[in-house]
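**Q** Provided herewith: start_39.csv, CSV, C-alpha atoms.
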chain,number,residue,atom,x,y,z
A,132,MET,CA,17.2,14.1,-25.2
A,133,LYS,CA,17.1,10.3,-24.9
A,134,PRO,CA,13.7,8.6,-25.4
A,135,GLN,CA,14.0,6.9,-22.0
A,136,VAL,CA,14.5,10.3,-20.3
A,137,MET,CA,11.6,11.8,-22.2
A,138,ARG,CA,9.4,8.9,-21.2
A,139,ASN,CA,10.4,9.3,-17.6
A,140,LEU,CA,9.7,13.0,-17.6
A,141,LYS,CA,6.3,12.5,-19.3
A,142,ASN,CA,5.3,9.8,-16.8
A,143,ALA,CA,6.4,12.0,-13.9
A,144,ALA,CA,4.3,14.9,-15.2
A,145,ILE,CA,1.3,12.6,-15.6
A,146,ALA,CA,1.7,11.2,-12.1
A,147,LEU,CA,2.0,14.7,-10.6
A,148,LEU,CA,-0.9,16.3,-12.5
A,149,THR,CA,-3.4,13.5,-12.4
A,150,PRO,CA,-4.6,14.0,-8.7
A,151,LEU,CA,-5.0,17.7,-9.2
A,152,PRO,CA,-8.8,17.5,-10.0
A,153,SER,CA,-9.7,15.9,-6.7
A,154,ILE,CA,-7.3,18.2,-4.8
A,155,PHE,CA,-8.8,21.4,-6.4
A,156,PHE,CA,-12.4,20.1,-5.9
A,157,TYR,CA,-11.8,19.5,-2.2
A,158,LEU,CA,-10.1,22.8,-1.6
A,159,PHE,CA,-12.9,24.5,-3.4
A,160,PHE,CA,-15.4,22.7,-1.1
A,161,LEU,CA,-13.5,23.8,2.0
A,162,ARG,CA,-13.3,27.4,0.7
A,163,HIS,CA,-17.0,27.4,0.0
A,164,TYR,CA,-17.7,26.0,3.5
A,165,ARG,CA,-15.6,28.7,5.2
A,166,ARG,CA,-17.3,31.5,3.2
A,167,SER,CA,-20.9,30.2,3.2
A,168,PHE,CA,-21.5,27.7,5.9
A,169,LEU,CA,-20.0,29.6,8.8
A,170,SER,CA,-21.8,32.8,7.9
A,171,SER,CA,-25.2,31.1,8.1
A,172,SER,CA,-27.2,29.5,11.0
A,173,SER,CA,-28.3,26.8,8.7
A,174,ILE,CA,-26.0,24.7,6.5
A,175,SER,CA,-28.6,23.8,4.0
A,176,ALA,CA,-29.7,27.5,3.7
A,177,ALA,CA,-26.2,28.5,2.7
A,178,SER,CA,-25.3,25.8,0.3
A,179,SER,CA,-26.4,23.9,-2.8
A,180,PRO,CA,-27.4,20.2,-2.4
A,181,LEU,CA,-24.0,19.2,-3.6
A,182,TRP,CA,-22.0,21.1,-1.0
A,183,GLU,CA,-24.5,20.1,1.7
A,184,TRP,CA,-24.0,16.4,0.8
A,185,CYS,CA,-20.2,16.9,0.8
A,186,TYR,CA,-20.5,18.4,4.3
A,187,LYS,CA,-22.7,15.6,5.8
A,188,HIS,CA,-21.0,12.6,4.2
A,189,PRO,CA,-17.2,12.8,4.5
A,190,LEU,CA,-16.6,9.1,4.1
A,191,MET,CA,-18.8,8.8,1.1
A,192,LEU,CA,-17.2,11.9,-0.4
A,193,SER,CA,-13.8,10.3,-0.1
A,194,ASN,CA,-15.1,7.3,-2.0
A,195,VAL,CA,-16.7,9.3,-4.7
A,196,ILE,CA,-13.5,11.3,-5.2
A,197,PHE,CA,-11.4,8.1,-5.2
A,198,PHE,CA,-13.7,6.5,-7.8
A,199,ALA,CA,-13.6,9.5,-10.2
A,200,ASN,CA,-10.0,10.5,-9.9
A,201,VAL,CA,-8.3,7.1,-9.3
A,202,ASP,CA,-10.6,4.4,-10.6
A,203,VAL,CA,-11.8,6.2,-13.8
A,204,LEU,CA,-9.0,8.6,-14.6
A,205,PHE,CA,-6.1,6.2,-13.7
A,206,TRP,CA,-7.8,3.5,-15.7
A,207,ILE,CA,-8.2,5.7,-18.8
A,208,ILE,CA,-4.5,6.7,-18.6
A,209,GLY,CA,-3.5,3.0,-18.1
A,210,LEU,CA,-5.5,2.0,-21.3
A,211,LEU,CA,-3.9,4.8,-23.3
A,212,GLN,CA,-0.4,3.7,-22.1
A,213,SER,CA,-1.2,0.0,-22.2
A,214,LYS,CA,0.3,-0.2,-18.7
A,215,HIS,CA,-1.3,0.2,-15.3
A,216,TRP,CA,1.6,1.5,-13.3
A,217,MET,CA,0.2,4.5,-11.4
A,218,ILE,CA,-1.9,2.6,-8.8
A,219,ASP,CA,1.3,1.1,-7.4
A,220,LEU,CA,2.9,4.5,-7.0
A,221,TYR,CA,-0.2,6.1,-5.5
A,222,TRP,CA,-0.7,3.2,-3.1
A,223,THR,CA,2.1,4.8,-1.2
A,224,ILE,CA,0.6,8.3,-1.4
A,225,ILE,CA,-3.2,8.0,-1.1
A,226,PRO,CA,-3.2,7.3,2.7
A,227,VAL,CA,-1.4,10.7,3.1
A,228,MET,CA,-4.0,12.4,1.0
A,229,LEU,CA,-6.8,10.6,2.9
A,230,ILE,CA,-5.6,11.5,6.4
A,231,HIS,CA,-5.4,15.2,5.4
A,232,PHE,CA,-8.9,14.9,3.8
A,233,PHE,CA,-10.3,13.5,7.1
A,234,ALA,CA,-8.4,16.0,9.2
A,235,ARG,CA,-9.5,19.0,7.2
A,236,HIS,CA,-13.1,18.1,6.8
A,237,PRO,CA,-15.5,20.5,8.6
A,238,LEU,CA,-17.0,17.6,10.6
A,239,ALA,CA,-13.6,16.4,11.9
A,240,ARG,CA,-13.1,16.3,15.6
A,241,ALA,CA,-10.0,14.7,17.1
A,242,ASN,CA,-7.6,14.7,20.0
A,243,VAL,CA,-4.7,16.9,18.8
A,244,VAL,CA,-2.0,14.6,20.0
A,245,ARG,CA,-3.6,11.5,18.4
A,246,SER,CA,-4.2,13.4,15.1
A,247,MET,CA,-0.6,14.7,14.9
A,248,VAL,CA,0.9,11.4,15.7
A,249,ALA,CA,-1.2,9.6,13.1
A,250,ILE,CA,-0.3,12.2,10.5
A,251,VAL,CA,3.5,12.0,11.2
A,252,LEU,CA,3.4,8.2,11.2
A,253,THR,CA,1.5,8.2,7.9
A,254,TYR,CA,4.1,10.5,6.3
A,255,ILE,CA,7.0,8.3,7.6
A,256,TRP,CA,5.3,5.2,6.3
A,257,SER,CA,4.6,6.8,2.9
A,258,ILE,CA,8.2,8.1,2.6
A,259,ARG,CA,9.6,4.7,3.4
A,260,LEU,CA,7.3,2.9,0.9
A,261,THR,CA,7.8,5.5,-1.8
A,262,HIS,CA,11.5,5.3,-1.5
A,263,SER,CA,11.3,1.5,-1.7
A,264,TYR,CA,9.2,1.7,-4.8
A,265,PHE,CA,11.5,4.1,-6.7
A,266,ARG,CA,14.6,2.2,-5.6
A,267,ARG,CA,13.1,-1.0,-6.9
A,268,GLU,CA,12.1,0.7,-10.2
A,269,GLU,CA,15.6,2.2,-10.5
A,270,TRP,CA,14.3,5.7,-10.0
A,271,GLU,CA,12.1,5.7,-13.1
A,272,TRP,CA,8.4,6.7,-13.4
A,273,GLY,CA,6.2,4.0,-14.9
A,274,ALA,CA,9.0,1.8,-16.1
A,275,ARG,CA,6.8,-1.3,-15.6
A,276,GLU,CA,3.5,-2.5,-14.1
A,277,ASP,CA,3.0,-5.0,-11.3
A,278,TRP,CA,3.8,-8.6,-12.5
A,279,ARG,CA,0.4,-9.7,-11.2
A,280,PHE,CA,-1.2,-7.4,-13.7
A,281,ASN,CA,0.9,-8.8,-16.5
A,282,LYS,CA,-0.3,-12.3,-15.5
A,283,LEU,CA,-4.0,-11.2,-15.5
A,284,ARG,CA,-3.5,-9.4,-18.9
A,285,LYS,CA,-2.4,-12.7,-20.4
A,286,GLN,CA,-5.2,-14.6,-18.7
A,287,TYR,CA,-8.0,-12.3,-19.8
A,288,GLY,CA,-6.6,-11.4,-23.3
A,289,LYS,CA,-8.9,-9.1,-25.3
A,290,HIS,CA,-11.3,-8.7,-22.3
A,291,TRP,CA,-8.5,-7.2,-20.1
A,292,TRP,CA,-9.3,-3.6,-21.1
A,293,TRP,CA,-12.6,-3.7,-19.1
A,294,VAL,CA,-11.6,-6.4,-16.5
A,295,SER,CA,-8.7,-4.2,-15.5
A,296,PHE,CA,-11.1,-1.5,-14.3
A,297,PHE,CA,-12.4,-3.8,-11.6
A,298,ALA,CA,-9.3,-6.0,-11.0
A,299,VAL,CA,-6.8,-3.1,-10.8
A,300,TYR,CA,-8.7,-0.1,-9.6
A,301,VAL,CA,-12.1,-0.8,-8.0
A,302,SER,CA,-10.5,-3.6,-6.0
A,303,GLN,CA,-7.7,-1.3,-4.9
A,304,GLN,CA,-10.3,1.3,-3.8
A,305,ILE,CA,-12.0,-1.3,-1.6
A,306,PHE,CA,-8.6,-2.3,0.0
A,307,LEU,CA,-7.2,1.1,0.4
A,308,ILE,CA,-10.3,2.8,1.8
A,309,GLY,CA,-10.9,-0.2,4.0
A,310,ILE,CA,-7.4,-0.3,5.6
A,311,CYS,CA,-7.5,3.5,5.9
A,312,LEU,CA,-10.7,3.6,7.8
A,313,PRO,CA,-8.8,4.1,11.1
A,314,LEU,CA,-7.6,7.5,9.7
A,315,TYR,CA,-11.3,8.4,9.6
A,316,ALA,CA,-11.9,7.1,13.1
A,317,ILE,CA,-9.0,9.1,14.5
A,318,HIS,CA,-10.7,12.3,13.2
A,319,SER,CA,-14.1,11.3,14.4
A,320,SER,CA,-13.4,11.2,18.1
A,321,ASN,CA,-11.7,13.6,20.6
A,322,LYS,CA,-11.2,10.9,23.2
A,323,PRO,CA,-8.1,11.8,25.3
A,324,TRP,CA,-4.8,10.2,24.5
A,325,GLY,CA,-4.2,7.0,26.4
A,326,PHE,CA,-2.3,3.8,26.9
A,327,TRP,CA,-3.7,2.1,23.8
A,328,ASP,CA,-2.7,5.0,21.7
A,329,PHE,CA,0.8,4.6,22.9
A,330,MET,CA,0.7,0.9,22.1
A,331,ALA,CA,-0.7,1.6,18.6
A,332,THR,CA,2.1,4.1,18.0
A,333,CYS,CA,4.8,1.5,19.0
A,334,THR,CA,3.2,-1.1,16.8
A,335,CYS,CA,3.1,1.3,13.8
A,336,ILE,CA,6.8,2.3,14.3
A,337,SER,CA,7.9,-1.3,14.7
A,338,GLY,CA,6.1,-2.2,11.5
A,339,ILE,CA,7.7,0.7,9.5
A,340,ALA,CA,11.2,-0.2,10.9
A,341,ILE,CA,10.9,-3.9,10.1
A,342,ALA,CA,9.6,-3.3,6.6
A,343,PHE,CA,12.4,-0.8,6.0
A,344,PHE,CA,15.2,-3.1,7.0
A,345,ALA,CA,13.6,-6.1,5.3
A,346,ASP,CA,13.2,-4.1,2.0
A,347,THR,CA,16.8,-2.8,2.3
A,348,GLN,CA,18.2,-6.2,2.9
A,349,ILE,CA,16.4,-7.8,-0.1
A,350,TYR,CA,17.4,-4.9,-2.3
A,351,ASN,CA,21.1,-5.2,-1.3
A,352,PHE,CA,20.9,-9.0,-1.9
A,353,MET,CA,19.5,-8.5,-5.4
A,354,GLN,CA,22.2,-5.9,-6.2
A,355,ARG,CA,24.9,-8.3,-5.1
A,356,ASN,CA,23.5,-11.0,-7.3
A,357,GLU,CA,23.5,-8.6,-10.3
A,358,VAL,CA,27.2,-7.9,-9.6
A,359,LEU,CA,27.9,-11.6,-9.4
A,360,LYS,CA,26.1,-12.1,-12.8
A,361,VAL,CA,28.3,-9.5,-14.4
A,362,GLU,CA,31.4,-11.1,-13.0
A,363,GLY,CA,30.3,-14.5,-14.2
A,364,SER,CA,30.3,-15.9,-10.6
A,365,PRO,CA,27.5,-18.1,-9.2
A,366,THR,CA,24.7,-16.2,-7.5
A,367,GLU,CA,23.0,-16.9,-4.2
A,368,PRO,CA,19.6,-18.7,-4.7
A,369,ASN,CA,17.8,-16.9,-1.9
A,370,LEU,CA,18.4,-14.5,1.0
A,371,ASN,CA,18.8,-16.3,4.3
A,372,LYS,CA,20.4,-13.5,6.4
A,373,GLY,CA,19.3,-10.6,8.6
A,374,LEU,CA,15.5,-10.5,9.1
A,375,TRP,CA,15.2,-13.0,6.2
A,376,TYR,CA,16.9,-15.6,8.4
A,377,PHE,CA,13.9,-15.5,10.8
A,378,SER,CA,11.1,-15.0,8.3
A,379,ARG,CA,10.5,-15.7,4.6
A,380,HIS,CA,8.5,-12.5,4.2
A,381,PRO,CA,9.6,-10.0,6.9
A,382,ASN,CA,8.6,-7.1,4.7
A,383,TYR,CA,5.0,-8.4,4.6
A,384,PHE,CA,5.1,-8.8,8.3
A,385,GLY,CA,6.2,-5.3,8.9
A,386,GLU,CA,3.5,-3.9,6.5
A,387,GLN,CA,0.9,-5.9,8.4
A,388,LEU,CA,2.1,-4.6,11.7
A,389,TRP,CA,1.7,-1.0,10.4
A,390,TRP,CA,-2.0,-1.6,9.3
A,391,TRP,CA,-2.9,-3.5,12.5
A,392,GLY,CA,-1.3,-0.7,14.6
A,393,LEU,CA,-3.5,1.8,12.9
A,394,PHE,CA,-6.5,-0.4,13.7
A,395,VAL,CA,-5.6,-0.2,17.4
A,396,PHE,CA,-6.1,3.6,17.2
A,397,ALA,CA,-9.6,3.0,15.7
A,398,TRP,CA,-10.5,0.3,18.3
A,399,ASN,CA,-9.4,2.6,21.1
A,400,VAL,CA,-11.9,5.3,20.0
A,401,GLY,CA,-14.8,2.7,19.8
A,402,GLN,CA,-14.6,1.7,16.1
A,403,GLY,CA,-13.7,-2.0,16.6
A,404,TRP,CA,-15.6,-3.0,13.5
A,405,MET,CA,-12.8,-1.5,11.4
A,406,PHE,CA,-10.8,-4.6,11.9
A,407,VAL,CA,-12.4,-5.7,8.6
A,408,GLY,CA,-9.9,-3.5,6.6
A,409,PRO,CA,-6.6,-5.0,7.9
A,410,PHE,CA,-8.2,-8.5,8.2
A,411,VAL,CA,-9.1,-8.6,4.5
A,412,ASN,CA,-5.8,-7.0,3.6
A,413,SER,CA,-4.0,-9.7,5.5
A,414,LEU,CA,-6.0,-12.4,3.7
A,415,CYS,CA,-5.0,-10.8,0.3
A,416,LEU,CA,-1.4,-10.6,1.4
A,417,ALA,CA,-1.5,-14.3,2.3
A,418,TYR,CA,-2.7,-15.1,-1.2
A,419,VAL,CA,0.1,-12.9,-2.7
A,420,THR,CA,2.5,-14.8,-0.5
A,421,VAL,CA,1.4,-18.1,-2.1
A,422,LEU,CA,1.9,-16.5,-5.6
A,423,VAL,CA,5.3,-15.2,-4.7
A,424,GLU,CA,6.5,-18.5,-3.3
A,425,GLN,CA,5.1,-20.4,-6.3
A,426,ARG,CA,7.2,-18.2,-8.6
A,427,MET,CA,10.3,-19.0,-6.5
A,428,LEU,CA,9.6,-22.7,-6.8
A,429,ASN,CA,9.1,-22.5,-10.5
A,430,ARG,CA,12.7,-21.4,-11.0
A,431,GLU,CA,15.0,-24.4,-11.4
A,432,ASP,CA,18.0,-22.6,-9.9
A,433,ARG,CA,16.1,-21.8,-6.7
A,434,ALA,CA,13.5,-24.5,-6.2
A,435,ALA,CA,15.5,-27.0,-4.1
A,436,THR,CA,17.1,-24.3,-1.9
A,437,TYR,CA,13.7,-22.6,-1.4
A,438,ARG,CA,11.9,-25.8,-0.5
A,439,HIS,CA,14.5,-26.2,2.3
A,440,TYR,CA,14.0,-22.6,3.3
A,441,GLN,CA,10.3,-23.1,3.5
A,442,LYS,CA,10.7,-26.1,5.8
A,443,THR,CA,13.0,-24.3,8.2
A,444,THR,CA,11.8,-20.7,8.2
A,445,SER,CA,8.6,-19.0,9.5
A,446,VAL,CA,6.3,-17.6,6.8
A,447,TRP,CA,5.7,-14.1,8.2
A,448,ILE,CA,6.3,-13.8,12.0
A,449,PRO,CA,10.0,-13.8,12.6
A,450,TRP,CA,10.9,-16.9,14.6
A,451,PHE,CA,13.8,-19.3,15.3
A,452,LYS,CA,14.8,-21.8,12.6
A,453,LEU,CA,13.1,-25.2,12.7
A,454,ALA,CA,15.4,-28.2,12.8
A,455,ILE,CA,14.8,-30.8,10.1
A,456,LYS,CA,15.6,-34.4,10.8
A,457,GLU,CA,17.5,-36.1,8.1
A,458,PRO,CA,15.9,-39.4,6.9
A,459,LYS,CA,17.6,-42.5,8.3
A,460,VAL,CA,19.3,-44.7,5.7
A,461,LYS,CA,19.1,-48.4,6.4
A,462,LYS,CA,22.4,-50.2,6.2
A,463,ILE,CA,22.4,-53.3,4.1
Rewrite the coordinates I just gave you, this time as structure tokens.
**A**
Amino acid sequence: MKPQVMRNLKNAAIALLTPLPSIFFYLFFLRHYRRSFLSSSSISAASSPLWEWCYKHPLMLSNVIFFANVDVLFWIIGLLQSKHWMIDLYWTIIPVMLIHFFARHPLARANVVRSMVAIVLTYIWSIRLTHSYFRREEWEWGAREDWRFNKLRKQYGKHWWWVSFFAVYVSQQIFLIGICLPLYAIHSSNKPWGFWDFMATCTCISGIAIAFFADTQIYNFMQRNEVLKVEGSPTEPNLNKGLWYFSRHPNYFGEQLWWWGLFVFAWNVGQGWMFVGPFVNSLCLAYVTVLVEQRMLNREDRAATYRHYQKTTSVWIPWFKLAIKEPKVKKI
């Protein structure tokens, strides 16, 4: 068997087996709750301090499990492989795990329609993003790590082994748990389904659709350029068609619509403070946008075309092209 195939199978096995400790722990907790808690008039009388704490603090429990299984275990695997690739893959899967965590917790209470809609939407979002991830990685597991991590690796040098724990994992926990707080809010209130739930659903669906078409268009564009390279023909410097005609980063815009749509669910059930999650995420994505555009401008074959693209095209929100007045040349 080819080494590449062996590596792919090994990474697939690692990725599939790594989350099992947290899954088994949570299932064991639920099993213990069903057997002990429900048969006793007092929760504390039927459980150890550990299970009592797990029962009373679902949000804290989700953070502890995330820290142990993702921050620590993923980090150790990344050090052993000299490549932190798993967090990118699990960014697309952890929200699905979190929504089931919150929905199954003994203290969960939710409107059935709102809960089911949120679960279905989260699965659709996850499938869309996971498909995009593997398509970009040419259907390989752990072929490479995020280019931003490579940049940080060079920046911190010999200190990267411990800096990576905070830069790659702890920071991701803050972002992911923060933007997934609406999933907790949805399962903390049984307020009846209403107009704002409908608006939140429409916003989420719009975000998923825009991100899907934007990612597909940029993928097809890159594939066409690869074919042109093989043929020895000149490539296109940047995509200026489809959604990319109206926005320089329509995929980012779609992703933000998704997270802000989830927030509307939380706001509707009285958890308006949870805007902090998508707001911080939007700020971080704004910073990533600057990094991505700087990379484009650093390429000599794209710089001039991309500067013109920047001047005429909206950054995130799709909008009409801006007209640029050509400088007047004085006649002598």
**Q** For the contact check between segment 274-345 of chain A and segment 373-397 of chain A, emit one row per residue of segment 274-345 of chain A within 7 Å, containing the shortest atom pair and the distance in Å rounded to one decimal, counting all atoms listed in the file, chain then rising number order, as a tab-separated table.
**A**
residue	atom	partner	partner_atom	distance
A:Ile310	CA	A:Trp390	CA	6.7
A:Pro313	CA	A:Ala397	CA	4.8
A:Ala316	CA	A:Ala397	CA	5.4
A:Ile317	CA	A:Ala397	CA	6.2
A:Asp328	CA	A:Phe396	CA	5.8
A:Ala331	CA	A:Gly392	CA	4.7
A:Thr332	CA	A:Gly392	CA	6.8
A:Thr334	CA	A:Gly392	CA	5.0
A:Cys335	CA	A:Trp389	CA	4.3
A:Gly338	CA	A:Gly385	CA	4.0
A:Ile339	CA	A:Gly385	CA	6.2
A:Ile341	CA	A:Gly385	CA	5.0
A:Ala342	CA	A:Asn382	CA	4.4
A:Ala345	CA	A:Asn382	CA	5.1
**Q** Can you tell me, as a PyMOL selection string, what residues are no more than 10 Å from Pro368 of chain A when counting only C-alpha atoms, ignoring any on the same chain fewer than 5 positions away?
**A** chain A and resi 356+427+430-437
**Q** Calculated over all atoms listed in the file, which of the candidates A:Val411, A:Leu161, A:Leu416, A:Val423 has the smallest distance to Phe306 of chain A?
**A** A:Val411
**Q** Provide the atom CA of Phe451 of chain A to atom CA of Trp327 of chain A distance in Å, to one decimal place.
**A** 28.9 Å
**Q** In Å, how far is it from atom CA of Val446 of chain A to atom CA of Trp222 of chain A?
**A**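 Atom CA of Trp222 of chain A lies at a distance of 24.1 Å from atom CA of Val446 of chain A.
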**Q** Which neighbours of Gln354 of chain A fall inside 12 Å, counting only C-alpha atoms, when residues of the same chain fewer than 3 positions from it are skipped, and could you give them as a PyMOL selection string?
**A** chain A and resi 266-267+269+347-351+357-361+366-367+370
**Q** Pick from A:Arg240, A:Lys141, A:Arg438, A:Arg165: nearest to Pro323 of chain A, with all atoms listed in the file counted?
**A** A:Arg240
**Q** What's around Arg259 of chain A at 9 Å? Count only C-alpha atoms, leave out sequence neighbours fewer than 2 positions away in its own chain, and write the answer as a list in words.
**A**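 Within the cut-off, the hits are Thr223, Tyr254, Ile255, Trp256, Ser257, Thr261, His262, Ser263, Tyr264, Ile339, Ala342 and Phe343 of chain A.
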**Q** Could the residues in this selection be written to a file with C-alpha atoms, as a short mmCIF file (atom, residue, chain, number, x, y, z; two decimals), in the frame of the given file?
**A**
data_model
loop_
_atom_site.label_atom_id
_atom_site.label_comp_id
_atom_site.auth_asym_id
_atom_site.auth_seq_id
_atom_site.Cartn_x
_atom_site.Cartn_y
_atom_site.Cartn_z
CA THR A 223 2.10 4.80 -1.20
CA TYR A 254 4.10 10.50 6.30
CA ILE A 255 7.00 8.30 7.60
CA TRP A 256 5.30 5.20 6.30
CA SER A 257 4.60 6.80 2.90
CA THR A 261 7.80 5.50 -1.80
CA HIS A 262 11.50 5.30 -1.50
CA SER A 263 11.30 1.50 -1.70
CA TYR A 264 9.20 1.70 -4.80
CA ILE A 339 7.70 0.70 9.50
CA ALA A 342 9.60 -3.30 6.60
CA PHE A 343 12.40 -0.80 6.00
#
**Q** Suppose you want the space between atom CA of Asn321 of chain A and atom CA of Ser153 of chain A; what is it in Å?
**A** 27.5 Å
**Q** Around (9.2, 6.1, -20.2) in the file's own coordinates, what residues are found within 10 Å if you use all atoms listed in the file, given back as a PyMOL selection string?
**A** chain A and resi 134-143+271-275
**Q** Next, dump the selected residues to file, keeping only C-alpha atoms, as an mmCIF file, in the coordinates of the input.
**A**
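The file below, again-v4.cif, is the result:
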data_model
loop_
_atom_site.group_PDB
_atom_site.id
_atom_site.type_symbol
_atom_site.label_atom_id
_atom_site.label_comp_id
_atom_site.auth_asym_id
_atom_site.auth_seq_id
_atom_site.Cartn_x
_atom_site.Cartn_y
_atom_site.Cartn_z
ATOM 1 C CA PRO A 134 13.700 8.600 -25.400
ATOM 2 C CA GLN A 135 14.000 6.900 -22.000
ATOM 3 C CA VAL A 136 14.500 10.300 -20.300
ATOM 4 C CA MET A 137 11.600 11.800 -22.200
ATOM 5 C CA ARG A 138 9.400 8.900 -21.200
ATOM 6 C CA ASN A 139 10.400 9.300 -17.600
ATOM 7 C CA LEU A 140 9.700 13.000 -17.600
ATOM 8 C CA LYS A 141 6.300 12.500 -19.300
ATOM 9 C CA ASN A 142 5.300 9.800 -16.800
ATOM 10 C CA ALA A 143 6.400 12.000 -13.900
ATOM 11 C CA GLU A 271 12.100 5.700 -13.100
ATOM 12 C CA TRP A 272 8.400 6.700 -13.400
ATOM 13 C CA GLY A 273 6.200 4.000 -14.900
ATOM 14 C CA ALA A 274 9.000 1.800 -16.100
ATOM 15 C CA ARG A 275 6.800 -1.300 -15.600
#
**Q** If we count all atoms listed in the file, what is near segment 299-302 of chain A at a cut-off of 9 Å, once residues fewer than 2 positions away on the same chain are taken out, given as JSON, numbers by chain?
**A** {"A": [198, 201, 202, 203, 205, 206, 215, 218, 280, 294, 295, 296, 297, 304, 305, 306, 307]}
**Q** Here is a test: counting only C-alpha atoms, which residue of A:Gly309, A:Pro237, A:Gly401, A:Pro150 is nearest to Met217 of chain A?
**A** A:Pro150
**Q** Rank nothing, just name the residue among A:Arg279, A:Lys285, A:His163, A:Lys452 nearest to Ala298 of chain A, using all atoms listed in the file.
**A**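 Among the listed residues, the smallest separation from Ala298 of chain A belongs to A:Arg279.
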**Q** Of the residues A:Gln286, A:Gln425, A:Ser413, A:Thr253, which is the one nearest to Ile336 of chain A, using only C-alpha atoms?
**A**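 Selected residue with least distance to Ile336 of chain A: A:Thr253.
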**Q** Using the partial input, fill out segment 301-312 of chain A with N, CA, C and O atoms; write the result as a compact mmCIF listing (two decimals), keeping the file's coordinate frame.
**A**
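So the final result, stored in selection.txt, reads:
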# COMPACT_ATOMS: atom_id res chain seq x y z
N VAL A 301 -11.01 -0.75 -8.99
CA VAL A 301 -12.10 -0.80 -8.00
C VAL A 301 -11.70 -1.69 -6.83
O VAL A 301 -11.99 -1.35 -5.67
N SER A 302 -11.01 -2.80 -7.08
CA SER A 302 -10.50 -3.60 -6.00
C SER A 302 -9.57 -2.89 -5.08
O SER A 302 -9.61 -3.02 -3.85
N GLN A 303 -8.71 -2.07 -5.68
CA GLN A 303 -7.70 -1.30 -4.90
C GLN A 303 -8.45 -0.26 -4.04
O GLN A 303 -8.01 0.05 -2.93
N GLN A 304 -9.54 0.30 -4.56
CA GLN A 304 -10.30 1.30 -3.80
C GLN A 304 -10.87 0.60 -2.53
O GLN A 304 -10.81 1.15 -1.42
N ILE A 305 -11.43 -0.59 -2.69
CA ILE A 305 -12.00 -1.30 -1.60
C ILE A 305 -10.90 -1.59 -0.52
O ILE A 305 -11.10 -1.37 0.69
N PHE A 306 -9.73 -2.04 -0.97
CA PHE A 306 -8.60 -2.30 0.00
C PHE A 306 -8.12 -1.09 0.65
O PHE A 306 -7.98 -1.05 1.88
N LEU A 307 -7.84 -0.06 -0.15
CA LEU A 307 -7.20 1.10 0.40
C LEU A 307 -8.14 1.90 1.35
O LEU A 307 -7.74 2.28 2.45
N ILE A 308 -9.37 2.10 0.92
CA ILE A 308 -10.30 2.80 1.80
C ILE A 308 -10.55 1.95 3.05
O ILE A 308 -10.64 2.47 4.16
N GLY A 309 -10.63 0.64 2.87
CA GLY A 309 -10.90 -0.20 4.00
C GLY A 309 -9.77 -0.19 5.05
O GLY A 309 -10.05 -0.04 6.25
N ILE A 310 -8.52 -0.28 4.62
CA ILE A 310 -7.40 -0.30 5.60
C ILE A 310 -7.14 1.13 6.13
O ILE A 310 -6.48 1.28 7.17
N CYS A 311 -7.65 2.16 5.41
CA CYS A 311 -7.50 3.50 5.90
C CYS A 311 -8.61 4.04 6.74
O CYS A 311 -8.59 5.20 7.18
N LEU A 312 -9.60 3.21 7.00
CA LEU A 312 -10.70 3.60 7.80
C LEU A 312 -10.28 4.13 9.22
O LEU A 312 -10.89 5.06 9.76
